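As stored in model.txt (compact mmCIF, C-alpha atoms (C1' of nucleotides)):
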# COMPACT_ATOMS: atom_id res chain seq x y z
CA MET U 1 43.68 -63.96 48.54
CA ASN U 2 44.49 -63.07 44.94
CA ILE U 3 46.53 -65.20 42.57
CA GLY U 4 49.68 -63.19 43.19
CA GLU U 5 49.68 -63.93 46.89
CA ALA U 6 48.79 -67.57 46.30
CA ALA U 7 51.71 -67.74 43.88
CA GLU U 8 54.11 -66.21 46.34
CA ARG U 9 52.99 -68.40 49.22
CA SER U 10 52.91 -71.65 47.25
CA GLY U 11 56.01 -71.13 45.14
CA VAL U 12 53.98 -71.75 41.98
CA SER U 13 53.96 -68.85 39.50
CA ALA U 14 50.64 -67.19 38.73
CA LYS U 15 51.15 -68.27 35.16
CA MET U 16 51.37 -71.90 36.16
CA ILE U 17 48.46 -71.69 38.58
CA ARG U 18 46.25 -70.58 35.69
CA TYR U 19 47.70 -73.36 33.55
CA TYR U 20 47.07 -76.03 36.19
CA GLU U 21 43.50 -74.80 36.43
CA GLU U 22 43.12 -74.87 32.66
CA ILE U 23 44.25 -78.49 32.38
CA GLY U 24 42.11 -79.51 35.33
CA LEU U 25 44.94 -80.33 37.72
CA ILE U 26 43.38 -78.01 40.28
CA ALA U 27 39.74 -77.03 40.51
CA PRO U 28 38.73 -73.71 38.97
CA ALA U 29 39.17 -71.01 41.60
CA ALA U 30 36.18 -69.06 42.87
CA ARG U 31 35.94 -65.60 41.36
CA GLY U 32 35.26 -62.27 43.03
CA GLU U 33 32.89 -59.68 41.59
CA ASN U 34 35.78 -58.20 39.64
CA GLY U 35 36.59 -61.53 38.02
CA TYR U 36 39.72 -62.03 40.09
CA ARG U 37 40.44 -65.57 41.29
CA ASN U 38 40.09 -66.14 45.02
CA TYR U 39 42.31 -68.57 46.90
CA ARG U 40 42.20 -69.97 50.42
CA GLU U 41 44.72 -71.76 52.56
CA ALA U 42 43.67 -75.17 51.29
CA ASP U 43 44.41 -74.04 47.73
CA VAL U 44 47.88 -72.92 48.73
CA HIS U 45 48.48 -76.32 50.34
CA ARG U 46 47.37 -78.05 47.18
CA LEU U 47 49.64 -75.86 45.07
CA ARG U 48 52.57 -76.58 47.35
CA PHE U 49 51.90 -80.28 46.94
CA VAL U 50 52.03 -79.85 43.18
CA ARG U 51 55.21 -77.81 43.35
CA ARG U 52 57.00 -80.36 45.51
CA ALA U 53 55.92 -83.19 43.25
CA ARG U 54 57.17 -81.26 40.22
CA GLU U 55 60.47 -80.67 41.99
CA LEU U 56 60.75 -84.42 42.38
CA GLY U 57 60.28 -84.74 38.63
CA PHE U 58 56.77 -86.19 38.60
CA SER U 59 54.84 -85.37 35.43
CA VAL U 60 51.61 -83.46 35.66
CA GLU U 61 49.69 -86.64 34.84
CA ARG U 62 51.38 -88.50 37.67
CA ILE U 63 50.65 -85.60 40.00
CA ARG U 64 47.02 -85.93 39.01
CA ASP U 65 47.14 -89.48 40.38
CA LEU U 66 49.03 -88.42 43.49
CA LEU U 67 46.53 -85.67 44.24
CA LYS U 68 43.70 -88.19 44.03
CA LEU U 69 45.48 -90.45 46.49
CA TRP U 70 46.31 -87.53 48.76
CA SER U 71 42.66 -86.68 49.16
CA ASP U 72 41.62 -90.31 49.47
CA ARG U 73 41.53 -91.16 53.15
CA ARG U 74 41.12 -94.83 52.30
CA ARG U 75 44.10 -94.99 49.96
CA ALA U 76 46.53 -97.87 50.14
CA SER U 77 50.12 -96.70 50.59
CA HIS U 78 50.89 -99.45 48.11
CA ASP U 79 49.41 -97.31 45.33
CA VAL U 80 51.50 -94.30 46.25
CA LYS U 81 54.63 -96.35 46.51
CA LYS U 82 54.02 -97.90 43.13
CA ILE U 83 53.80 -94.51 41.44
CA ALA U 84 57.01 -93.45 43.15
CA LEU U 85 58.86 -96.60 42.15
CA VAL U 86 57.71 -96.42 38.55
CA HIS U 87 58.98 -92.85 38.47
CA ALA U 88 62.29 -93.87 40.02
CA THR U 89 62.63 -96.58 37.39
CA ALA U 90 62.01 -94.08 34.62
CA LEU U 91 64.59 -91.76 36.12
CA ASN U 92 67.02 -94.63 36.22
CA ALA U 93 66.47 -95.32 32.54
CA ASP U 94 67.11 -91.65 31.75
CA ILE U 95 70.22 -91.64 33.91
CA GLU U 96 71.61 -94.71 32.19
CA LYS U 97 70.91 -93.31 28.77
CA LEU U 98 72.60 -90.01 29.55
CA THR U 99 75.50 -91.79 31.19
CA ALA U 100 76.03 -93.88 28.08
CA LEU U 101 76.01 -90.74 25.94
CA ARG U 102 78.41 -88.96 28.22
CA ASP U 103 80.79 -91.91 28.26
CA SER U 104 80.70 -92.23 24.48
CA ILE U 105 81.56 -88.57 24.16
CA LEU U 106 84.29 -88.67 26.76
CA HIS U 107 85.70 -91.75 25.08
CA LEU U 108 85.92 -89.91 21.79
CA ALA U 109 87.18 -86.70 23.35
CA ALA U 110 89.92 -88.55 25.17
CA ARG U 111 91.30 -89.63 21.82
CA CYS U 112 91.19 -86.14 20.39
CA HIS U 113 94.46 -84.27 20.67
CA GLY U 114 92.67 -80.98 21.05
CA ASP U 115 95.38 -78.97 19.35
CA GLU U 116 95.61 -76.84 16.19
CA ARG U 117 95.58 -79.80 13.81
CA PRO U 118 92.34 -80.80 12.10
CA GLU U 119 92.54 -84.54 12.77
CA CYS U 120 89.82 -85.43 15.23
CA PRO U 121 88.29 -88.79 16.16
CA ILE U 122 85.08 -87.06 17.22
CA ILE U 123 84.45 -85.68 13.76
CA GLU U 124 85.59 -88.94 12.22
CA ASP U 125 83.11 -90.89 14.30
CA LEU U 126 80.25 -88.58 13.38
CA SER U 127 81.14 -88.70 9.72
CA GLY U 128 81.18 -92.49 9.80
CA GLU U 129 84.78 -92.68 8.70
CA THR U 130 85.71 -95.09 11.44
CA ALA U 131 84.63 -98.66 10.79
CA SER U 132 85.69 -99.74 14.27
CA ALA U 133 82.93 -100.41 16.74
CA GLN U 134 82.54 -97.88 19.52
CA PRO U 135 81.53 -98.96 23.00
CA GLY U 136 77.92 -98.19 23.57
CA ARG U 137 77.24 -97.78 19.88
CA HIS U 138 75.92 -100.53 17.64
CA MET J 1 67.31 -89.86 -5.27
CA ASN J 2 64.04 -88.72 -3.70
CA ILE J 3 63.58 -87.79 -0.06
CA GLY J 4 62.20 -91.22 0.85
CA GLU J 5 65.33 -93.00 -0.25
CA ALA J 6 67.55 -90.38 1.36
CA ALA J 7 65.59 -90.89 4.57
CA GLU J 8 65.96 -94.64 4.44
CA ARG J 9 69.65 -94.52 3.66
CA SER J 10 70.51 -91.86 6.22
CA GLY J 11 68.26 -93.00 9.01
CA VAL J 12 66.71 -89.53 9.21
CA SER J 13 62.96 -89.40 8.58
CA ALA J 14 61.69 -87.46 5.58
CA LYS J 15 59.85 -85.26 8.02
CA MET J 16 63.04 -84.34 9.79
CA ILE J 17 64.99 -83.84 6.58
CA ARG J 18 62.48 -81.18 5.57
CA TYR J 19 62.69 -79.68 9.03
CA TYR J 20 66.49 -79.54 8.98
CA GLU J 21 66.29 -77.83 5.62
CA GLU J 22 63.73 -75.36 6.94
CA ILE J 23 65.89 -74.31 9.89
CA GLY J 24 68.96 -74.09 7.69
CA LEU J 25 70.84 -77.01 9.21
CA ILE J 26 71.25 -78.48 5.74
CA ALA J 27 71.22 -76.59 2.46
CA PRO J 28 67.95 -76.56 0.51
CA ALA J 29 67.88 -79.59 -1.75
CA ALA J 30 67.85 -79.17 -5.51
CA ARG J 31 64.41 -79.71 -6.99
CA GLY J 32 63.37 -81.73 -10.02
CA GLU J 33 60.89 -80.45 -12.56
CA ASN J 34 58.07 -81.96 -10.52
CA GLY J 35 59.13 -80.07 -7.42
CA TYR J 36 60.52 -83.17 -5.71
CA ARG J 37 63.72 -82.74 -3.71
CA ASN J 38 66.81 -84.39 -5.20
CA TYR J 39 69.52 -85.87 -3.01
CA ARG J 40 72.99 -87.17 -3.75
CA GLU J 41 75.44 -89.31 -1.81
CA ALA J 42 77.02 -86.26 -0.17
CA ASP J 43 73.65 -85.25 1.21
CA VAL J 44 73.11 -88.70 2.69
CA HIS J 45 76.52 -88.46 4.35
CA ARG J 46 75.63 -85.12 5.81
CA LEU J 47 72.33 -86.45 7.10
CA ARG J 48 74.05 -89.42 8.67
CA PHE J 49 76.42 -87.02 10.42
CA VAL J 50 73.46 -85.16 11.81
CA ARG J 51 71.75 -88.35 12.91
CA ARG J 52 74.82 -89.63 14.73
CA ALA J 53 75.32 -86.30 16.45
CA ARG J 54 71.67 -86.31 17.53
CA GLU J 55 72.11 -89.84 18.85
CA LEU J 56 74.94 -88.51 20.99
CA GLY J 57 72.56 -85.92 22.35
CA PHE J 58 74.00 -82.83 20.65
CA SER J 59 71.44 -80.08 20.12
CA VAL J 60 70.67 -78.88 16.63
CA GLU J 61 72.57 -75.66 17.34
CA ARG J 62 75.62 -77.58 18.42
CA ILE J 63 75.35 -79.76 15.32
CA ARG J 64 75.36 -76.58 13.29
CA ASP J 65 78.76 -75.80 14.78
CA LEU J 66 79.99 -79.34 14.27
CA LEU J 67 78.94 -79.33 10.62
CA LYS J 68 80.89 -76.13 10.06
CA LEU J 69 83.96 -77.71 11.59
CA TRP J 70 83.44 -80.92 9.64
CA SER J 71 83.59 -79.06 6.35
CA ASP J 72 86.46 -76.84 7.48
CA ARG J 73 89.67 -78.49 6.38
CA ARG J 74 91.67 -76.02 8.46
CA ARG J 75 89.72 -76.65 11.66
CA ALA J 76 91.54 -77.07 14.94
CA SER J 77 90.61 -80.30 16.71
CA HIS J 78 90.65 -78.16 19.83
CA ASP J 79 87.39 -76.55 18.72
CA VAL J 80 85.69 -79.88 18.18
CA LYS J 81 86.90 -81.22 21.48
CA LYS J 82 85.67 -78.16 23.30
CA ILE J 83 82.14 -78.61 21.95
CA ALA J 84 82.21 -82.26 22.99
CA LEU J 85 83.47 -81.50 26.48
CA VAL J 86 80.93 -78.76 27.04
CA HIS J 87 78.23 -81.22 26.02
CA ALA J 88 79.63 -83.89 28.33
CA THR J 89 79.59 -81.38 31.17
CA ALA J 90 75.96 -80.54 30.47
CA LEU J 91 75.11 -84.24 30.41
CA ASN J 92 76.87 -84.62 33.73
CA ALA J 93 74.78 -81.86 35.24
CA ASP J 94 71.62 -83.56 33.98
CA ILE J 95 72.77 -86.90 35.32
CA GLU J 96 73.48 -85.49 38.74
CA LYS J 97 70.15 -83.73 38.87
CA LEU J 98 68.24 -86.87 37.91
CA THR J 99 70.27 -88.97 40.31
CA ALA J 100 69.40 -86.63 43.17
CA LEU J 101 65.72 -86.87 42.27
CA ARG J 102 65.86 -90.63 42.05
CA ASP J 103 67.62 -90.92 45.38
CA SER J 104 65.11 -88.64 47.08
CA ILE J 105 62.27 -90.74 45.76
CA LEU J 106 63.88 -94.03 46.67
CA HIS J 107 64.58 -92.68 50.12
CA LEU J 108 60.93 -91.85 50.62
CA ALA J 109 59.70 -95.06 49.03
CA ALA J 110 61.95 -97.13 51.25
CA ARG J 111 60.12 -95.79 54.27
CA CYS J 112 56.69 -96.46 52.79
CA HIS J 113 55.18 -99.73 53.94
CA GLY J 114 53.45 -100.24 50.64
CA ASP J 115 50.51 -102.10 52.14
CA GLU J 116 46.79 -101.49 52.39
CA ARG J 117 47.07 -98.79 55.02
CA PRO J 118 46.91 -95.12 54.00
CA GLU J 119 49.93 -93.91 56.01
CA CYS J 120 52.65 -92.98 53.55
CA PRO J 121 55.80 -90.88 54.01
CA ILE J 122 55.77 -90.04 50.32
CA ILE J 123 52.41 -88.33 50.51
CA GLU J 124 53.39 -86.76 53.80
CA ASP J 125 56.53 -85.30 52.29
CA LEU J 126 54.66 -83.87 49.33
CA SER J 127 51.97 -82.39 51.54
CA GLY J 128 54.60 -80.74 53.70
CA GLU J 129 53.47 -82.54 56.81
CA THR J 130 56.97 -83.61 57.76
CA ALA J 131 59.03 -80.90 59.35
CA SER J 132 62.13 -83.06 59.27
CA ALA J 133 64.76 -82.18 56.71
CA GLN J 134 65.06 -84.60 53.82
CA PRO J 135 68.44 -85.37 52.27
CA GLY J 136 68.74 -83.56 48.99
CA ARG J 137 65.92 -81.19 49.84
CA HIS J 138 66.40 -77.80 51.41
C1' DA V 1 42.92 -95.41 -16.84
C1' DT V 2 43.11 -96.70 -12.31
C1' DG V 3 45.30 -97.53 -7.97
C1' DG V 4 48.87 -97.18 -4.84
C1' DA V 5 53.06 -95.32 -3.44
C1' DC V 6 55.29 -91.54 -3.59
C1' DC V 7 55.92 -86.34 -3.16
C1' DT V 8 54.49 -81.33 -1.80
C1' DT V 9 52.96 -77.69 1.73
C1' DC V 10 50.46 -76.48 5.77
C1' DC V 11 48.64 -76.98 10.32
C1' DC V 12 48.45 -79.20 14.89
C1' DA V 13 50.23 -81.68 18.99
C1' DC V 14 53.32 -82.86 22.55
C1' DG V 15 55.21 -80.85 28.13
C1' DA V 16 55.82 -77.38 31.06
C1' DT V 17 57.10 -72.92 31.21
C1' DG V 18 57.87 -68.00 30.26
C1' DG V 19 57.11 -63.54 27.70
C1' DG V 20 54.28 -60.08 26.44
C1' DA V 21 50.27 -57.36 24.61
C1' DA V 22 45.80 -55.27 25.41
C1' DG V 23 42.69 -54.04 28.59
C1' DG V 24 40.08 -53.99 33.30
C1' DT V 25 40.54 -53.04 38.63
C1' DC V 26 42.07 -51.37 42.81
C1' DA V 27 44.40 -48.64 46.32
C1' DA V 28 47.27 -44.85 47.70
C1' DG V 29 48.70 -40.28 47.40
C1' DG V 30 48.52 -35.65 45.21
C1' DC H 1 38.67 -36.30 42.09
C1' DC H 2 42.30 -37.96 39.31
C1' DT H 3 46.53 -40.07 38.33
C1' DT H 4 49.82 -43.65 38.91
C1' DG H 5 51.42 -48.03 39.53
C1' DA H 6 50.62 -52.57 40.88
C1' DC H 7 47.65 -55.77 40.34
C1' DC H 8 44.39 -58.82 37.61
C1' DT H 9 42.16 -60.84 33.15
C1' DT H 10 42.44 -63.37 28.51
C1' DC H 11 44.86 -64.42 24.39
C1' DC H 12 48.72 -65.43 21.51
C1' DC H 13 53.52 -66.84 20.76
C1' DA H 14 58.01 -69.35 21.63
C1' DT H 15 60.66 -73.00 23.30
C1' DC H 16 62.82 -78.17 21.18
C1' DG H 17 62.65 -81.99 18.17
C1' DT H 18 59.53 -85.02 16.50
C1' DG H 19 55.35 -87.16 14.68
C1' DG H 20 50.51 -87.16 12.70
C1' DG H 21 47.58 -86.04 9.28
C1' DA H 22 44.96 -83.44 5.65
C1' DA H 23 44.67 -81.83 0.93
C1' DG H 24 46.48 -82.11 -3.27
C1' DG H 25 50.04 -83.16 -7.10
C1' DT H 26 53.16 -86.93 -9.46
C1' DC H 27 54.83 -91.16 -11.03
C1' DC H 28 54.80 -95.91 -12.27
C1' DA H 29 52.99 -100.47 -12.97
C1' DT H 30 49.25 -103.03 -14.10
In structure tokens, what does this structure look like?
Amino acid sequence: MNIGEAAERSGVSAKMIRYYEEIGLIAPAARGENGYRNYREADVHRLRFVRRARELGFSVERIRDLLKLWSDRRRASHDVKKIALVHATALNADIEKLTALRDSILHLAARCHGDERPECPIIEDLSGETASAQPGRH
Amino acid sequence: MNIGEAAERSGVSAKMIRYYEEIGLIAPAARGENGYRNYREADVHRLRFVRRARELGFSVERIRDLLKLWSDRRRASHDVKKIALVHATALNADIEKLTALRDSILHLAARCHGDERPECPIIEDLSGETASAQPGRH
DNA sequence: ATGGACCTTCCCACGATGGGAAGGTCAAGG
DNA sequence: CCTTGACCTTCCCATCGTGGGAAGGTCCAT
């Protein structure tokens, strides 16, 4: 099948399929006489694997590792689990960072009257006018 | 003062100061006879404002708006608050998305033995071998 | 005068994705 | 047979904010 059909059936855009090939995440596809890429079922499976891993937020580099383990019949599930847990830990760090930002902003916004007057603790905080310590800021 | 001192005193790298000038976030600095950029206290204040807003996760475009409001003595705090709340809402969306990813991964990892055997629900999920619905996936 | 610490501009890279141009190929219908 | 439209190819550009580094000019202290 051509790249368009592989894209449709895997849920990975043709653009990204070419990109994944370029960076060596998937093997270069066989080419027909016309230069078109040829895909088989196994390629679609592989692309679906990549898509699902991307949907779970794994980076392309991590997916490279996961693909190796997927095709390794003698893999230890320990190795897969470790990758997953490291990723979950990274997500947790991101979540906590964003949560701290959100809370800082909500804290400031709660003190802002939000009317027609110019006085605003948000602007004052950004301009460094407030000497008082803000939670989550140091 | 030169850009190096402005960078040190504002906490914004010289590289980024030039970038902010290039994209019009800050006005082009005055130049000395040698072509060096000249900065004054007011410029350092402005840079600090930008840095703090970046630390709170505001995009450069949003900071553009905030800077306008900062220098507008007749601003309505309502406008500032709105920008902050929109940002907080966006952060919330990001947080929820990441939390869903993390939970999906932890759910899979919890069912992975993590030993020397190859069987692994994580790999099975990614390869589409499981027909069972996963929470948070549809 | 020499060296080192500055400064300047310009280009490249990141990560993953999309947009689009320019040109080749194929299949269906007139 | 020819046209049309839907494919395919490669190549370049943009995102967003940041850093790295090269090549070259400037300034100051020794």
Proximal residues of chain H relative to chain U (only C-alpha atoms (C1' of nucleotides); 12 Å) as JSON, numbers by chain = {"H": [6, 7, 8, 9, 10]}
What does chain J look like after a least-squares fit onto chain U on every Cα paired in order, written as a PDB file with C-alpha atoms, in the coordinates of the input?
ATOM      1  CA  MET J   1      43.791 -63.883  48.513  1.00  0.00           C
ATOM      2  CA  ASN J   2      44.533 -63.039  44.881  1.00  0.00           C
ATOM      3  CA  ILE J   3      46.555 -65.193  42.515  1.00  0.00           C
ATOM      4  CA  GLY J   4      49.735 -63.174  43.074  1.00  0.00           C
ATOM      5  CA  GLU J   5      49.786 -63.890  46.770  1.00  0.00           C
ATOM      6  CA  ALA J   6      48.864 -67.527  46.217  1.00  0.00           C
ATOM      7  CA  ALA J   7      51.753 -67.744  43.765  1.00  0.00           C
ATOM      8  CA  GLU J   8      54.192 -66.199  46.189  1.00  0.00           C
ATOM      9  CA  ARG J   9      53.097 -68.355  49.086  1.00  0.00           C
ATOM     10  CA  SER J  10      52.995 -71.608  47.142  1.00  0.00           C
ATOM     11  CA  GLY J  11      56.052 -71.099  45.011  1.00  0.00           C
ATOM     12  CA  VAL J  12      54.000 -71.744  41.871  1.00  0.00           C
ATOM     13  CA  SER J  13      53.922 -68.870  39.378  1.00  0.00           C
ATOM     14  CA  ALA J  14      50.598 -67.208  38.630  1.00  0.00           C
ATOM     15  CA  LYS J  15      51.058 -68.324  35.063  1.00  0.00           C
ATOM     16  CA  MET J  16      51.299 -71.935  36.091  1.00  0.00           C
ATOM     17  CA  ILE J  17      48.418 -71.706  38.542  1.00  0.00           C
ATOM     18  CA  ARG J  18      46.175 -70.638  35.674  1.00  0.00           C
ATOM     19  CA  TYR J  19      47.595 -73.414  33.541  1.00  0.00           C
ATOM     20  CA  TYR J  20      46.995 -76.065  36.202  1.00  0.00           C
ATOM     21  CA  GLU J  21      43.439 -74.830  36.497  1.00  0.00           C
ATOM     22  CA  GLU J  22      43.001 -74.947  32.730  1.00  0.00           C
ATOM     23  CA  ILE J  23      44.124 -78.572  32.458  1.00  0.00           C
ATOM     24  CA  GLY J  24      42.020 -79.551  35.446  1.00  0.00           C
ATOM     25  CA  LEU J  25      44.884 -80.352  37.797  1.00  0.00           C
ATOM     26  CA  ILE J  26      43.361 -78.011  40.360  1.00  0.00           C
ATOM     27  CA  ALA J  27      39.718 -77.021  40.643  1.00  0.00           C
ATOM     28  CA  PRO J  28      38.705 -73.691  39.099  1.00  0.00           C
ATOM     29  CA  ALA J  29      39.179 -70.980  41.690  1.00  0.00           C
ATOM     30  CA  ALA J  30      36.203 -69.044  42.998  1.00  0.00           C
ATOM     31  CA  ARG J  31      35.939 -65.599  41.457  1.00  0.00           C
ATOM     32  CA  GLY J  32      35.287 -62.253  43.108  1.00  0.00           C
ATOM     33  CA  GLU J  33      32.895 -59.712  41.673  1.00  0.00           C
ATOM     34  CA  ASN J  34      35.740 -58.221  39.655  1.00  0.00           C
ATOM     35  CA  GLY J  35      36.528 -61.559  38.062  1.00  0.00           C
ATOM     36  CA  TYR J  36      39.712 -62.047  40.084  1.00  0.00           C
ATOM     37  CA  ARG J  37      40.454 -65.568  41.299  1.00  0.00           C
ATOM     38  CA  ASN J  38      40.142 -66.098  45.056  1.00  0.00           C
ATOM     39  CA  TYR J  39      42.393 -68.509  46.913  1.00  0.00           C
ATOM     40  CA  ARG J  40      42.330 -69.882  50.433  1.00  0.00           C
ATOM     41  CA  GLU J  41      44.888 -71.670  52.579  1.00  0.00           C
ATOM     42  CA  ALA J  42      43.770 -75.082  51.314  1.00  0.00           C
ATOM     43  CA  ASP J  43      44.478 -74.003  47.763  1.00  0.00           C
ATOM     44  CA  VAL J  44      47.976 -72.872  48.697  1.00  0.00           C
ATOM     45  CA  HIS J  45      48.579 -76.259  50.310  1.00  0.00           C
ATOM     46  CA  ARG J  46      47.437 -78.004  47.191  1.00  0.00           C
ATOM     47  CA  LEU J  47      49.681 -75.845  45.040  1.00  0.00           C
ATOM     48  CA  ARG J  48      52.635 -76.541  47.284  1.00  0.00           C
ATOM     49  CA  PHE J  49      51.945 -80.258  46.904  1.00  0.00           C
ATOM     50  CA  VAL J  50      52.026 -79.858  43.164  1.00  0.00           C
ATOM     51  CA  ARG J  51      55.217 -77.830  43.274  1.00  0.00           C
ATOM     52  CA  ARG J  52      57.021 -80.373  45.430  1.00  0.00           C
ATOM     53  CA  ALA J  53      55.901 -83.215  43.203  1.00  0.00           C
ATOM     54  CA  ARG J  54      57.130 -81.305  40.148  1.00  0.00           C
ATOM     55  CA  GLU J  55      60.448 -80.722  41.895  1.00  0.00           C
ATOM     56  CA  LEU J  56      60.716 -84.482  42.282  1.00  0.00           C
ATOM     57  CA  GLY J  57      60.202 -84.801  38.559  1.00  0.00           C
ATOM     58  CA  PHE J  58      56.684 -86.261  38.562  1.00  0.00           C
ATOM     59  CA  SER J  59      54.729 -85.469  35.408  1.00  0.00           C
ATOM     60  CA  VAL J  60      51.501 -83.535  35.636  1.00  0.00           C
ATOM     61  CA  GLU J  61      49.561 -86.724  34.892  1.00  0.00           C
ATOM     62  CA  ARG J  62      51.279 -88.543  37.702  1.00  0.00           C
ATOM     63  CA  ILE J  63      50.592 -85.615  40.023  1.00  0.00           C
ATOM     64  CA  ARG J  64      46.952 -85.948  39.090  1.00  0.00           C
ATOM     65  CA  ASP J  65      47.063 -89.482  40.464  1.00  0.00           C
ATOM     66  CA  LEU J  66      48.981 -88.411  43.543  1.00  0.00           C
ATOM     67  CA  LEU J  67      46.491 -85.646  44.306  1.00  0.00           C
ATOM     68  CA  LYS J  68      43.650 -88.148  44.137  1.00  0.00           C
ATOM     69  CA  LEU J  69      45.453 -90.390  46.583  1.00  0.00           C
ATOM     70  CA  TRP J  70      46.329 -87.460  48.825  1.00  0.00           C
ATOM     71  CA  SER J  71      42.677 -86.575  49.258  1.00  0.00           C
ATOM     72  CA  ASP J  72      41.606 -90.205  49.594  1.00  0.00           C
ATOM     73  CA  ARG J  73      41.558 -91.037  53.274  1.00  0.00           C
ATOM     74  CA  ARG J  74      41.102 -94.717  52.452  1.00  0.00           C
ATOM     75  CA  ARG J  75      44.066 -94.880  50.079  1.00  0.00           C
ATOM     76  CA  ALA J  76      46.478 -97.778  50.251  1.00  0.00           C
ATOM     77  CA  SER J  77      50.080 -96.643  50.662  1.00  0.00           C
ATOM     78  CA  HIS J  78      50.836 -99.407  48.191  1.00  0.00           C
ATOM     79  CA  ASP J  79      49.336 -97.283  45.417  1.00  0.00           C
ATOM     80  CA  VAL J  80      51.449 -94.277  46.296  1.00  0.00           C
ATOM     81  CA  LYS J  81      54.583 -96.343  46.540  1.00  0.00           C
ATOM     82  CA  LYS J  82      53.933 -97.927  43.184  1.00  0.00           C
ATOM     83  CA  ILE J  83      53.710 -94.534  41.474  1.00  0.00           C
ATOM     84  CA  ALA J  84      56.956 -93.484  43.140  1.00  0.00           C
ATOM     85  CA  LEU J  85      58.776 -96.658  42.162  1.00  0.00           C
ATOM     86  CA  VAL J  86      57.605 -96.487  38.574  1.00  0.00           C
ATOM     87  CA  HIS J  87      58.899 -92.925  38.449  1.00  0.00           C
ATOM     88  CA  ALA J  88      62.215 -93.953  39.987  1.00  0.00           C
ATOM     89  CA  THR J  89      62.527 -96.675  37.367  1.00  0.00           C
ATOM     90  CA  ALA J  90      61.896 -94.172  34.591  1.00  0.00           C
ATOM     91  CA  LEU J  91      64.501 -91.849  36.085  1.00  0.00           C
ATOM     92  CA  ASN J  92      66.922 -94.747  36.175  1.00  0.00           C
ATOM     93  CA  ALA J  93      66.362 -95.428  32.502  1.00  0.00           C
ATOM     94  CA  ASP J  94      67.018 -91.764  31.721  1.00  0.00           C
ATOM     95  CA  ILE J  95      70.132 -91.768  33.861  1.00  0.00           C
ATOM     96  CA  GLU J  96      71.523 -94.824  32.153  1.00  0.00           C
ATOM     97  CA  LYS J  97      70.816 -93.417  28.729  1.00  0.00           C
ATOM     98  CA  LEU J  98      72.523 -90.118  29.526  1.00  0.00           C
ATOM     99  CA  THR J  99      75.434 -91.893  31.158  1.00  0.00           C
ATOM    100  CA  ALA J 100      75.979 -93.977  28.031  1.00  0.00           C
ATOM    101  CA  LEU J 101      75.953 -90.830  25.908  1.00  0.00           C
ATOM    102  CA  ARG J 102      78.363 -89.071  28.211  1.00  0.00           C
ATOM    103  CA  ASP J 103      80.729 -92.016  28.246  1.00  0.00           C
ATOM    104  CA  SER J 104      80.687 -92.293  24.463  1.00  0.00           C
ATOM    105  CA  ILE J 105      81.536 -88.631  24.161  1.00  0.00           C
ATOM    106  CA  LEU J 106      84.251 -88.734  26.780  1.00  0.00           C
ATOM    107  CA  HIS J 107      85.706 -91.772  25.087  1.00  0.00           C
ATOM    108  CA  LEU J 108      85.942 -89.924  21.802  1.00  0.00           C
ATOM    109  CA  ALA J 109      87.163 -86.707  23.386  1.00  0.00           C
ATOM    110  CA  ALA J 110      89.898 -88.547  25.234  1.00  0.00           C
ATOM    111  CA  ARG J 111      91.363 -89.599  21.915  1.00  0.00           C
ATOM    112  CA  CYS J 112      91.187 -86.101  20.454  1.00  0.00           C
ATOM    113  CA  HIS J 113      94.444 -84.201  20.731  1.00  0.00           C
ATOM    114  CA  GLY J 114      92.646 -80.925  21.154  1.00  0.00           C
ATOM    115  CA  ASP J 115      95.360 -78.887  19.471  1.00  0.00           C
ATOM    116  CA  GLU J 116      95.578 -76.749  16.364  1.00  0.00           C
ATOM    117  CA  ARG J 117      95.569 -79.660  13.953  1.00  0.00           C
ATOM    118  CA  PRO J 118      92.336 -80.669  12.203  1.00  0.00           C
ATOM    119  CA  GLU J 119      92.570 -84.431  12.847  1.00  0.00           C
ATOM    120  CA  CYS J 120      89.836 -85.351  15.295  1.00  0.00           C
ATOM    121  CA  PRO J 121      88.333 -88.743  16.177  1.00  0.00           C
ATOM    122  CA  ILE J 122      85.119 -87.040  17.220  1.00  0.00           C
ATOM    123  CA  ILE J 123      84.492 -85.622  13.778  1.00  0.00           C
ATOM    124  CA  GLU J 124      85.647 -88.865  12.228  1.00  0.00           C
ATOM    125  CA  ASP J 125      83.176 -90.851  14.283  1.00  0.00           C
ATOM    126  CA  LEU J 126      80.305 -88.563  13.375  1.00  0.00           C
ATOM    127  CA  SER J 127      81.200 -88.633   9.700  1.00  0.00           C
ATOM    128  CA  GLY J 128      81.288 -92.414   9.756  1.00  0.00           C
ATOM    129  CA  GLU J 129      84.890 -92.552   8.663  1.00  0.00           C
ATOM    130  CA  THR J 130      85.874 -95.000  11.372  1.00  0.00           C
ATOM    131  CA  ALA J 131      84.896 -98.557  10.662  1.00  0.00           C
ATOM    132  CA  SER J 132      85.942 -99.650  14.125  1.00  0.00           C
ATOM    133  CA  ALA J 133      83.181-100.429  16.578  1.00  0.00           C
ATOM    134  CA  GLN J 134      82.739 -97.899  19.354  1.00  0.00           C
ATOM    135  CA  PRO J 135      81.743 -99.001  22.849  1.00  0.00           C
ATOM    136  CA  GLY J 136      78.115 -98.201  23.413  1.00  0.00           C
ATOM    137  CA  ARG J 137      77.441 -97.830  19.712  1.00  0.00           C
ATOM    138  CA  HIS J 138      76.175-100.602  17.498  1.00  0.00           C
TER     139      HIS J 138
END
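Nearest-residue note for chain J: choosing from U:Leu47, U:Ala30, U:Leu126, U:Met1, the minimum distance belongs to U:Leu126, counting all atoms listed in the file.
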query = Could you state the separation of atom CA of Glu22 of chain J and atom CA of Arg74 of chain J in Å, given to one decimal place?
reply =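 Rounded to one decimal, the two atoms are 28.0 Å apart.
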